[in-house]
Each structure stands twice: as structure tokens, then as C-alpha cells.
Amino acid sequence: MSQSDNSSSPGIRIAGVSKVYSGTSRPAVDDVSLDIADGEFITLLGPSGSGKTTMLSMLAGFVSVSGGKIEIDGRDVSRQKPHKRNLGVVFQQYALFPHMTVTKNIAFPLQQRRMSKAQIAAKVGEALKLVHLEEYADRLPSQLSGGQQQRVALARAVVYHPRALLMDEPLGALDRKLRDELQREIARMHRELGMTFIFVTHDQHEALTLSDRIAVFNEGRVEQVGTPSELYERPETLFVAQFLGESTCFRGTVDVSAGVLRCGGFTPRAPRLDARLDGSDGVAVIRPERLELHTDAAAVPAGHNQVRGTVTEIVYVGNHHQVGLRFPDGTSGSAMRLAGRSLPAVPGEEVTVSWDPEHQSIVADPADEPTSGRAAEPLGAPAGT
Amino acid sequence: MSAPTTSAPPPAAVTNGAGLAGRPRRRAAGWFILPATALLLVFFCYPLGNIIWRSFTDPSAGLGNYTKLLDDGVSVTVLTRTLVTALIVGACTLVIAYPYAYAMTRVTPRTRNLMTVVVLLPFWTSMMARNFAWYMLEQRGGLIDDAFSAIGIGGVVLLGSVAGVAVAMVQVMLPFAVLPLYSGMEGIDKRLLDAATSLGAPRWRAFARVYLPLSLPAVLSGFTLVFILTLGFYVTPALLGSPQQSLVPQLIATRVTDLLDFGGAGALGTVLLAITLLALFVVSRFANLSSTTEKAVTNE
Amino acid sequence: MSESALKPGVRAGRDGGLGWGLKIVVGLIGLLLIAPTAVVIPMSFSSGTTFQFPPEGWSLRWYESFFTSERWMRSLLTSVQIGLLVAVTATVLGVAVAFGLNRAGFRGRGAIRSLMLAPLIVPSIVVAVAIYGVFLKWQLNGTALGYVVAHTVMALPFVVTVMSTSLAGYDRTLDTAAATLGATAWTTFFRITVPLVAPGVLSGFVFAFVMSLDEVVIALFLQTPDIQTLPVQMYNSITLEIDPTIAAASSLMVVATSIVLLMPQFVRRKRSTS
């Protein structure tokens, strides 16, 4: 049905969508545009209150759109009732019908589609197999564990082959081990079903592990859209840099002609500077695994930016050591050393810190941010992708 | 959430009172219940037992009072009328209370507070004032009569009829239905409706297949509560009804005050009590009535 | 967590929560709940001697009649006196029971709990006749003691339930915490427990008072020409010598009970804002 003219390209298209709840002035979602390709696994990532869940609710049709439109396969569905959109939704607290057995829950959407009894039985069986819950068919939701309930919810949401599967923090209520297990399950389902998955989470690990692409939400807007590695390696805003993973942030003034960032005590070189940033405040963002520590300044590789810093603490995190640093301009930072490699210093000692300018990102410094660098997450930064 | 949902707490609850300094005070706490228990035994249980006893012994031992109920040509009619009235009042009250309670679960906390006050004020404000108000409204030339005359239907005088009693009772009983319904509905995850619509059910079908069945226990306990209370209601029928169309409570009162027939009144009362207990027993198999009653009373 | 969950209720559904149809239905039901009681207020300011509604003219004559009638004033006084005694007795007994049920582990707690609720469940006419029967023998009819005892029986369920709810929400680890901080059992009770359960006690007191003030059925049976409560006087006024003084009495009752009932709400609100 998808004639390949521009307007009816397959996929889900969010075009300039906004949402203002009645009684509030600040939009919950503010002019968001996003094209989601067929079969893609896209994650809406952001802190709570950033608008990602509202965006998902608008996609599902639970919440009306205040501005812009949502298209599915070139058709505007902005005003369509939820039950006509043919999307699957998985809720954080499962939302299984407590008075129906597992089988009846999964059969519910098929009954709405007026399938024959035999067809329903066959499809329910398939779906149960997909989530490995065949022997629980006749249980009530209250007789299942949280992980099992969420699997039933998944089965129920995909059994009718919806156009896309929308998931709202589906793993949020589960403990860590189960979460990892279900993450793998969701990834497998995505591969096997080839369906578009739209996933909402505030957990960066989840987003990085699962997604083809991530859209980072902040205060109702999309800060950046990209593959996990693009977002991690090339954050375009300070928010993205700090929300995804940890980083050391040097603040200064951008000098495009000299190709440097003028910080208080030193001027790190910065290739490929955005001309629009010239003269304004900028932040150099470097990931901990990119920082190298040297006791001997002479050992710094050629072409590296370098600055002296004091080791404030060394924390053992299993597979690596996390080295806390403080720089003369007051910036605090952190570097990472894989376990097994010797540590160059002990807390209190001065070291030379260096990095390849290629691995640093220069982003605009939002004026309202506090001036001291802050680590987005204290422990267990992702190993990059 | 914080309200006690089970009348018989699990064994663990027994030990959680122990705490660090709990043990010595635990036995003392048992004595706390004695005065009230004694009061209820002497001034509630004994009188009840006594009236039941008298129904079998006064004026002579045996089932005379009960066989008389069957033969006197009045009691059976009145009893049937009372049961039918209670069923109708219960059904009407529930039908009216349902959308109100449902709305309470969907509005903002501020509106919900207002709605709760609207329910609770008549619940607590003077029973006599309300009955008097209905007396005024239902009399000849009252507001209801006038309103119906205005649209061309004359002579709608509800005062002195079972219908008039039932109308007033529905209004009086509304809070007893709204509160248990609300507390039951509050426990229903509203996302289930969203889930059902996302799975392809139109709104009304989502409601019928998911919400309605889940709210049935609350409906049942609300209905039972109203039914039971209506059975024993005296003031409204006495003021708004008539001796020609009396209900069981009126009959009981007349037997006691005019005839000093405690045996006959006791027999009627025992029948009423038996029906009440039967209704409670039936509904307790489906819903936890004591917790809904508690919630209704305390508005939790 | 719930912050980011797909929110139903206010947020989701069709956004604003209620559709127009439901809003109108809810408004009508609200009117049905409030209006019948509210009509007594304009009625009480009528200048006529009949219950014509709306009244043809306005006056305060029925309030004057109420406050100058010896019989109305005496019944009001009787009701308030009995109500206060009932409130004190029922609160003391009910609070003790609630503590006992909450803190003690003995067999038969379920039975005691049911016993405490029973006066609510047993048809009120049956309770009234039963009490009337034994009070005749014990000569408690028409005595203040009789009224107080009977009303306390009826008020206990309210106090016990309100207090049980309040205690169920009470975190016992606070006691343990106080103990580890060096407080004796008594200090803990007075410095920690009492302030935390005080709102529940206050609500119980108010409920018991209002319940007694409002009770008619038992009071009708216990009445003698010498001692009648206000509701009984109202009842007699309707059945015997109907004149709009009862409208004034009703209005006063409605306004007074509303104020008394809303009081704990305000106290609670003050607490939470201070």
C-alpha cells in the first residue's frame, strides 16, 4: 500500500508536535519532530518530566495533540481514536486485566479484531511460546511474578502484529537481574518480529544497549537524535553529554580562528569548531576512558591536549578503577583505568592529564547551568560503544 | 492504601506490634478493649438477645409469634413490600451513585475534595432536617408537585406513599453507595482502560469488558449496604409514608409503642435481622464488606 | 517512577478527564445530594406560616420562635449535653479499643472488631426496640444515663474505625526509633504517639458528637415528656404541630453540624501547611 511518493513513505512521522496540558503554561512536549523508520528500534530517553512519556501517549492516542501532527505510513492519525491506530502498548505496571487469565488477556485484542476461535487459540499459543510462558496459560496475572507479568504484557501487545510496539519504561518496576534478562528478550523479539519498537526510558544503559537510535528529551524538546555511539562520542549539547555517561567538562570561551577553547589556565586545541560558537561560552567534553594519566609530562603523545591535575580519589569498580581528578580552574573530572593496568598515582598526587582532541566535543555552555562540572552518574559509566 | 483492607490481619501483623519495648505492654493492651466490650455486651448484645428470646417466649413459649406473622394478613404483605422497596432503593441508589463515584476517580484532587464534601455533608448533616426537607418537597403544593404541574401533570403528591419514601431514601442512601463504590473504583488501575483501547477495543467496550467487571465487588457491597440500611430505616417511612402502606420498621414500632407486643415486634425484628445476616453472608463471599463499611464511614 | 508512567486519570483518557455528558450527570447528582437539604434554609426565613416554596416574604420570626420557645431550647440543651457526654465516653472507650486491637496480639481480634461494627449493621429499628425493651425494665427510659449509654453504643463503631485507620497508618518503627534515641515508653507515647494520632482522636470525637446530636430512632423510643432531644422535638413538630419553626431548627442543625464536621479538616490543613 505504500506508494513511494514522498508523503506516504512507510514509517511513523512526528511533525512539529506539541502538547500543552490544560491549566499549565509550559508545554510538556514542545515542537518535536522525529522520523521513525520501518523496523527501527528507537528509544525516547530523558529524565522524568522531560516529555518522553507524553510523546508516547500522543503516539498511542491516549493524549490529544495540541499542535503538529503524527503520521503513520503517510496517514495523519493525530485525531484518530487509540483503538483504531493498531499500535501495541506495553505499560510500566503491566496493565494486565486482573480478572482475566493469561490466555484471555492475550486473546483480548484478537477478539476485538473478530477473529475466529481457532485462529485466536493458534495465535495465543504462538505468542505464549514467543515469551516462554506456555505452562502459565491459565494463571491469573496475580499468580505471576513481575517479570512473567511483563512478558504476558509483551505477548498481548504483539499478538495482533500491530504497526509498532510502544513501550513505556517497561522494565522500570523490575529488579536489576530481571531487567537485564528482559532486555535481552526484548532485543530478541525485535529481531524476530522485525517490528518498529518505540521505547521510553530514563535509563541510559537500557537506551544504549537496546536502541538503533536514541532521541534525548529534555524539557519537552528533543536535544539530539542519533545512534548510541553518535550520542556518546559526539554529544551536541552539554545536557546530552552529561545525561549519557560521565564526562569531564572544561568551560571556556570559543575562539574559532585560533581553533582553541580559552579556559582559565590553559587553551585546549579544538578542531572542527562550529563557527556559530565563536566568542561564546563553550564546554569541552571528554569521556573518562579517553583521558590518559601521566606522571611524566614528557610521555604525553604528540598532538594531545594536556593539563595538570590532582588525583582526589581512586575508586575500585571491579573491571576498572575510577580516578577522581581536580584541575587548577576548579573543574573536577574523572578518568578510567582498566583493572590490571598499574595506577600512575595515589590520591593527593599531581599528574599530567592528556587526551586526543579528536575525542573531545565542544558544546555550547547553557548560561543557566551551574559552573562547576558535574558527573552525570557516579559509578559504572558505560564502556562506550 | 493505608486503610485496613482485611479484617483478619495475617499472622505477621500479630508480631509486628512487638517492637523493642512492645512485649510488656502487649498484655496491657488487651485490657484496653474490656470497657467497650463490656458496654456493648450489656447494652447491645444483651438487649438484642433479650428481644429475640422474647419473640419465642412472650406471651407463651413456642413459635406462636412467628406463625402469627404468617396468619395476621398484614406482616407478610408488609415484609414483601419492605423487601421490594429495599431492592428498588438499592438498585436506584447504585445506578445514580455509579457515575458519580466513577467521576470522582477521574478528576483532579481539588475537584475530588469538593465532590467528597458534597457526598459527606448530607451523610452527616441532620437526618431530621433531610426528612423534613423531603416532607416539604413531596407534600401537596410542594416543589415536586409544582414542577410536575408546570409540565401539565397534576397531583403528583409523593407524601404518604411508598414511592415518596423510596425517593427520599435513595437520596438519603446515596453517600452509603458512593463511598464504597469510590473506594473500590479507586483500586482499579485506570491504565487498564488505556490498555484495552490500545488493544483495539472502543472506549465503551473497554469499559464493559474491563472496568465494569472489576468494579462489581464494589457495586455488590454498596448495594448490600444500602439494602440492609433501608430494611431497618424507621424515620423516613414513619414521616413520609403512611400507615396504609407501612414498612416493617413502622410495624415493629407500632407493635411496641401501641400494643406493647414485644413478642410480635421481636419476631419481626428477628426476621429482619436474619435477612440482614443472610445478605451479609452472601455478599461476604464476593466482597469484603466490613472493610468497605469502614472505608465508607471514615472516607478513606 | 509514577511521574513518568503513562498517566491515566487527569492526564490521559480524553485529556480533561470527564466528557460533557458525564459532567452534567455528575452535576445533577451533586444537586440531588445537596439541594433537598439546602431548601430548608430559605424556608426558615419565610414570613408565612405555611411551607410554601419559595416563600412569599422574608422574616426572622421562626428563628425568634425557636430561640424563645422553652421547649425547643430545652431540647437543644438536652441534645448538646448528651452529645458531649457521648463524645467523651465513646472517644475514651473507642480509642482504647483501637489501641488494644492495634497493639495487642490476642485471639479473637476479628470477633471484637466485628462486635464494634455490629451496631452499624443491625437494623436500627431492631436496636431501638431491643434497647427500649430492657431499658423499660431497668428504668433507664427518659434518663440522661439511658441516652448516653445507648448513643455511646451507636457511636463506638465510628470512633473505633476512625482510630483504627489512623493507627494503621502509624509507623511503629517510630516507637523503636524513639527508644533507640533514649526515650522511655512514656516519653515515646506522649511525645511521638499522641501528637501523631491526635487528628484521629479529634475526628472520632466529632463523629461521636454529631452522631448523637443527629440520632432519632433510639431517642424516639427513650423519650418522655420531660426529656426530649432536638431531633425528637423536630420529629414531634412535623407529626403533631407543624409550623416553620422546624425549618429554623433544621437550618441551624445543618449549618452547625457542617461547621463541626469541617473543623477537623481545617485543623488538619493548618497542621500540614505550618
# chains A, B, ... in the order shown; residues from 1 in each chain; ligands from 1

$ interface_residues --of "chain B" --to "chain A" --cutoff "8 Å" --atoms "only C-alpha atoms" --output "JSON, numbers by chain"
{"B": [189, 191, 192, 194, 195, 196, 197, 198, 199, 200, 201, 202, 203, 210, 213, 214]}

$ residues_around --residues "Glu56 of chain C" --least-positions-apart "5" --cutoff "9 Å" --atoms "only C-alpha atoms" --output "short mmCIF file (atom, residue, chain, number, x, y, z; two decimals) with C-alpha atoms, in the first residue's frame"
data_model
loop_
_atom_site.label_atom_id
_atom_site.label_comp_id
_atom_site.auth_asym_id
_atom_site.auth_seq_id
_atom_site.Cartn_x
_atom_site.Cartn_y
_atom_site.Cartn_z
CA SER C 46 -40.13 32.68 55.39
CA SER C 47 -42.56 35.21 56.72
CA GLY C 48 -45.57 32.98 56.13
#

$ interface_residues --of "chain C" --to "chain B" --cutoff "6 Å" --atoms "only C-alpha atoms" --output "PyMOL selection string"
chain C and resi 8-10+17+26+36-37+40+93+96-97+100+103-105+110+123-126+130-131+134+161-162+165+169+176+214+250+254+257

$ write_last_selection --atoms "N, CA and C atoms" --output "mmCIF file, in the first residue's frame"
data_model
loop_
_atom_site.group_PDB
_atom_site.id
_atom_site.type_symbol
_atom_site.label_atom_id
_atom_site.label_comp_id
_atom_site.auth_asym_id
_atom_site.auth_seq_id
_atom_site.Cartn_x
_atom_site.Cartn_y
_atom_site.Cartn_z
ATOM 1 N N PRO C 8 -2.955 7.844 33.649
ATOM 2 C CA PRO C 8 -4.366 7.850 33.298
ATOM 3 C C PRO C 8 -4.982 9.053 33.991
ATOM 4 N N GLY C 9 -6.269 8.929 34.310
ATOM 5 C CA GLY C 9 -6.922 9.922 35.145
ATOM 6 C C GLY C 9 -6.852 11.288 34.532
ATOM 7 N N VAL C 10 -6.309 12.187 35.284
ATOM 8 C CA VAL C 10 -6.330 13.579 34.885
ATOM 9 C C VAL C 10 -5.648 13.769 33.535
ATOM 10 N N GLY C 17 -10.289 14.499 31.403
ATOM 11 C CA GLY C 17 -10.890 13.606 32.362
ATOM 12 C C GLY C 17 -12.325 13.287 32.003
ATOM 13 N N VAL C 26 -22.949 14.262 36.679
ATOM 14 C CA VAL C 26 -22.345 14.434 37.994
ATOM 15 C C VAL C 26 -22.903 15.687 38.677
ATOM 16 N N PRO C 36 -31.899 19.057 48.455
ATOM 17 C CA PRO C 36 -33.004 18.849 49.386
ATOM 18 C C PRO C 36 -32.708 19.397 50.779
ATOM 19 N N THR C 37 -31.444 19.269 51.195
ATOM 20 C CA THR C 37 -31.095 19.797 52.498
ATOM 21 C C THR C 37 -31.066 21.320 52.456
ATOM 22 N N VAL C 40 -34.184 23.846 53.086
ATOM 23 C CA VAL C 40 -34.701 24.222 54.407
ATOM 24 C C VAL C 40 -34.212 25.605 54.816
ATOM 25 N N LEU C 93 -13.524 5.211 75.238
ATOM 26 C CA LEU C 93 -13.658 3.765 75.059
ATOM 27 C C LEU C 93 -13.152 3.330 73.688
ATOM 28 N N ALA C 96 -9.358 3.480 73.255
ATOM 29 C CA ALA C 96 -8.743 2.363 73.976
ATOM 30 C C ALA C 96 -8.876 1.075 73.157
ATOM 31 N N VAL C 97 -10.060 0.840 72.617
ATOM 32 C CA VAL C 97 -10.278 -0.373 71.830
ATOM 33 C C VAL C 97 -9.351 -0.392 70.610
ATOM 34 N N GLY C 100 -5.957 -1.220 71.654
ATOM 35 C CA GLY C 100 -5.908 -2.623 72.040
ATOM 36 C C GLY C 100 -5.856 -3.523 70.821
ATOM 37 N N ARG C 103 -2.409 -2.908 68.972
ATOM 38 C CA ARG C 103 -1.138 -3.228 69.620
ATOM 39 C C ARG C 103 -1.077 -4.620 70.213
ATOM 40 N N ALA C 104 -2.218 -5.171 70.535
ATOM 41 C CA ALA C 104 -2.168 -6.443 71.238
ATOM 42 C C ALA C 104 -2.343 -7.584 70.259
ATOM 43 N N GLY C 105 -1.700 -8.701 70.591
ATOM 44 C CA GLY C 105 -1.895 -9.872 69.760
ATOM 45 C C GLY C 105 -2.642 -10.916 70.559
ATOM 46 N N GLY C 110 -10.598 -10.487 65.521
ATOM 47 C CA GLY C 110 -11.594 -10.341 64.455
ATOM 48 C C GLY C 110 -12.994 -10.250 65.037
ATOM 49 N N PRO C 123 -30.197 -3.674 61.923
ATOM 50 C CA PRO C 123 -31.192 -2.649 61.567
ATOM 51 C C PRO C 123 -31.509 -1.750 62.764
ATOM 52 N N SER C 124 -31.501 -0.446 62.510
ATOM 53 C CA SER C 124 -31.570 0.485 63.638
ATOM 54 C C SER C 124 -32.882 0.335 64.406
ATOM 55 N N ILE C 125 -33.960 -0.002 63.727
ATOM 56 C CA ILE C 125 -35.227 -0.140 64.440
ATOM 57 C C ILE C 125 -35.156 -1.304 65.422
ATOM 58 N N VAL C 126 -34.437 -2.357 65.042
ATOM 59 C CA VAL C 126 -34.315 -3.518 65.915
ATOM 60 C C VAL C 126 -33.497 -3.144 67.153
ATOM 61 N N ALA C 130 -34.994 -3.166 70.911
ATOM 62 C CA ALA C 130 -34.317 -4.031 71.868
ATOM 63 C C ALA C 130 -33.875 -3.229 73.086
ATOM 64 N N ILE C 131 -33.256 -2.088 72.845
ATOM 65 C CA ILE C 131 -32.792 -1.271 73.967
ATOM 66 C C ILE C 131 -33.994 -0.746 74.769
ATOM 67 N N VAL C 134 -35.280 -3.472 77.246
ATOM 68 C CA VAL C 134 -34.563 -3.695 78.509
ATOM 69 C C VAL C 134 -34.527 -2.415 79.354
ATOM 70 N N THR C 161 -13.446 2.855 64.113
ATOM 71 C CA THR C 161 -12.971 2.796 62.725
ATOM 72 C C THR C 161 -12.017 3.932 62.414
ATOM 73 N N VAL C 162 -12.404 5.139 62.803
ATOM 74 C CA VAL C 162 -11.535 6.279 62.514
ATOM 75 C C VAL C 162 -10.179 6.094 63.172
ATOM 76 N N THR C 165 -8.054 3.290 61.535
ATOM 77 C CA THR C 165 -7.439 3.763 60.292
ATOM 78 C C THR C 165 -6.224 4.619 60.612
ATOM 79 N N GLY C 169 -2.105 3.618 59.847
ATOM 80 C CA GLY C 169 -1.153 4.433 59.107
ATOM 81 C C GLY C 169 0.022 4.869 59.958
ATOM 82 N N THR C 176 10.219 2.443 67.914
ATOM 83 C CA THR C 176 11.525 1.816 68.058
ATOM 84 C C THR C 176 12.624 2.861 67.925
ATOM 85 N N ASP C 214 -27.609 13.768 66.111
ATOM 86 C CA ASP C 214 -28.459 13.506 64.959
ATOM 87 C C ASP C 214 -29.384 12.305 65.168
ATOM 88 N N SER C 250 -33.980 23.095 61.622
ATOM 89 C CA SER C 250 -33.245 22.295 60.642
ATOM 90 C C SER C 250 -32.048 23.062 60.091
ATOM 91 N N VAL C 254 -28.224 21.955 60.288
ATOM 92 C CA VAL C 254 -27.410 21.721 59.094
ATOM 93 C C VAL C 254 -26.140 22.563 59.148
ATOM 94 N N THR C 257 -23.824 21.391 62.227
ATOM 95 C CA THR C 257 -23.108 20.130 62.029
ATOM 96 C C THR C 257 -22.066 20.266 60.921
#

$ interface_residues --of "chain A" --to "chain C" --cutoff "8 Å" --atoms "only C-alpha atoms" --output "list of chain:residue names"
A:Tyr21, A:Ser22, A:Ser48, A:Gly49, A:Thr53, A:Thr54, A:Ser57, A:Phe62, A:Val63, A:Ser64, A:Phe91, A:Gln92, A:Asp168, A:Glu169, A:Gly172

$ atom_distance --atom1 "atom CA of Ala270 of chain A" --atom2 "atom CA of Ser361 of chain A"
8.2 Å

$ atom_distance --atom1 "atom CA of His321 of chain A" --atom2 "atom CA of Arg287 of chain A"
14.3 Å

$ select_by_dssp --residues "segment 125-317 of chain A" --states "strand (DSSP E or B)" --output "PyMOL selection string"
chain A and resi 164-168+196-201+213-218+221-226+248-255+260-262+269+281-286+292-294+305-316

$ residues_around --residues "segment 333-350 of chain A" --least-positions-apart "2" --cutoff "7 Å" --atoms "only C-alpha atoms" --output "list of chain:residue names"
A:Ser247, A:Thr248, A:Pro288, A:Glu289, A:Leu291, A:Leu293, A:His294, A:Thr295, A:Arg308, A:Gly309, A:Thr310, A:Val311, A:Thr312, A:Glu313, A:Ile314, A:Asn319, A:His320, A:His321, A:Gln322, A:Val323, A:Gly324, A:Leu325, A:Arg326, A:Thr331

$ write_last_selection --atoms "C-alpha atoms" --output "short mmCIF file (atom, residue, chain, number, x, y, z; two decimals), in the first residue's frame"
data_model
loop_
_atom_site.label_atom_id
_atom_site.label_comp_id
_atom_site.auth_asym_id
_atom_site.auth_seq_id
_atom_site.Cartn_x
_atom_site.Cartn_y
_atom_site.Cartn_z
CA SER A 247 32.48 13.23 31.34
CA THR A 248 34.97 15.87 32.34
CA PRO A 288 36.69 9.23 31.19
CA GLU A 289 38.12 6.40 29.09
CA LEU A 291 41.70 10.68 29.49
CA LEU A 293 47.21 9.98 33.08
CA HIS A 294 50.98 10.51 33.07
CA THR A 295 53.38 11.04 35.95
CA ARG A 308 47.97 19.30 35.18
CA GLY A 309 45.53 17.87 37.70
CA THR A 310 45.41 16.41 41.18
CA VAL A 311 44.15 12.92 41.89
CA THR A 312 41.43 13.25 44.52
CA GLU A 313 40.33 9.65 44.86
CA ILE A 314 40.61 6.25 43.30
CA ASN A 319 36.57 -4.16 35.95
CA HIS A 320 38.13 -0.74 36.21
CA HIS A 321 39.35 1.94 38.54
CA GLN A 322 37.68 5.28 38.54
CA VAL A 323 40.11 8.12 39.14
CA GLY A 324 38.71 11.37 40.51
CA LEU A 325 40.58 14.49 39.37
CA ARG A 326 40.63 18.15 40.26
CA THR A 331 36.87 21.73 37.39
#

$ residues_around --residues "Thr229 of chain C" --least-positions-apart "2" --cutoff "9 Å" --atoms "only C-alpha atoms" --output "compact mmCIF listing (two decimals) with C-alpha atoms, in the first residue's frame"
# COMPACT_ATOMS: atom_id res chain seq x y z
CA ARG C 74 -34.66 22.74 76.35
CA SER C 75 -34.39 20.03 73.70
CA LEU C 76 -31.40 21.81 72.17
CA LEU C 77 -29.68 21.95 75.54
CA THR C 78 -30.50 18.29 76.21
CA SER C 79 -29.07 17.26 72.85
CA VAL C 80 -25.86 19.20 73.31
CA ILE C 82 -25.96 14.30 75.81
CA LEU C 213 -26.82 15.00 68.03
CA GLU C 215 -29.77 10.21 66.31
CA VAL C 216 -33.58 9.94 66.19
CA ALA C 219 -34.19 8.74 71.09
CA LEU C 220 -37.82 8.48 69.93
CA GLN C 223 -38.29 9.98 75.13
CA ILE C 227 -36.66 14.79 78.34
CA PRO C 231 -34.26 15.56 66.67
CA VAL C 232 -37.14 14.08 68.65
CA GLN C 233 -38.62 17.54 69.14
CA MET C 234 -38.25 18.05 65.38

$ residues_around --residues "segment 66-71 of chain C" --least-positions-apart "2" --cutoff "7 Å" --atoms "only C-alpha atoms" --output "JSON, numbers by chain"
{"C": [62, 63, 64, 73, 74, 75, 245, 248, 249]}

$ write_last_selection --atoms "C-alpha atoms" --output "mmCIF file, in the first residue's frame"
data_model
loop_
_atom_site.group_PDB
_atom_site.id
_atom_site.type_symbol
_atom_site.label_atom_id
_atom_site.label_comp_id
_atom_site.auth_asym_id
_atom_site.auth_seq_id
_atom_site.Cartn_x
_atom_site.Cartn_y
_atom_site.Cartn_z
ATOM 1 C CA TRP C 62 -39.145 31.441 63.044
ATOM 2 C CA TYR C 63 -35.701 31.938 64.494
ATOM 3 C CA GLU C 64 -37.275 34.152 67.127
ATOM 4 C CA MET C 73 -34.405 25.494 73.773
ATOM 5 C CA ARG C 74 -34.661 22.740 76.350
ATOM 6 C CA SER C 75 -34.391 20.031 73.702
ATOM 7 C CA THR C 245 -40.023 26.792 63.476
ATOM 8 C CA ALA C 248 -35.241 27.271 61.525
ATOM 9 C CA ALA C 249 -34.222 24.331 63.704
#
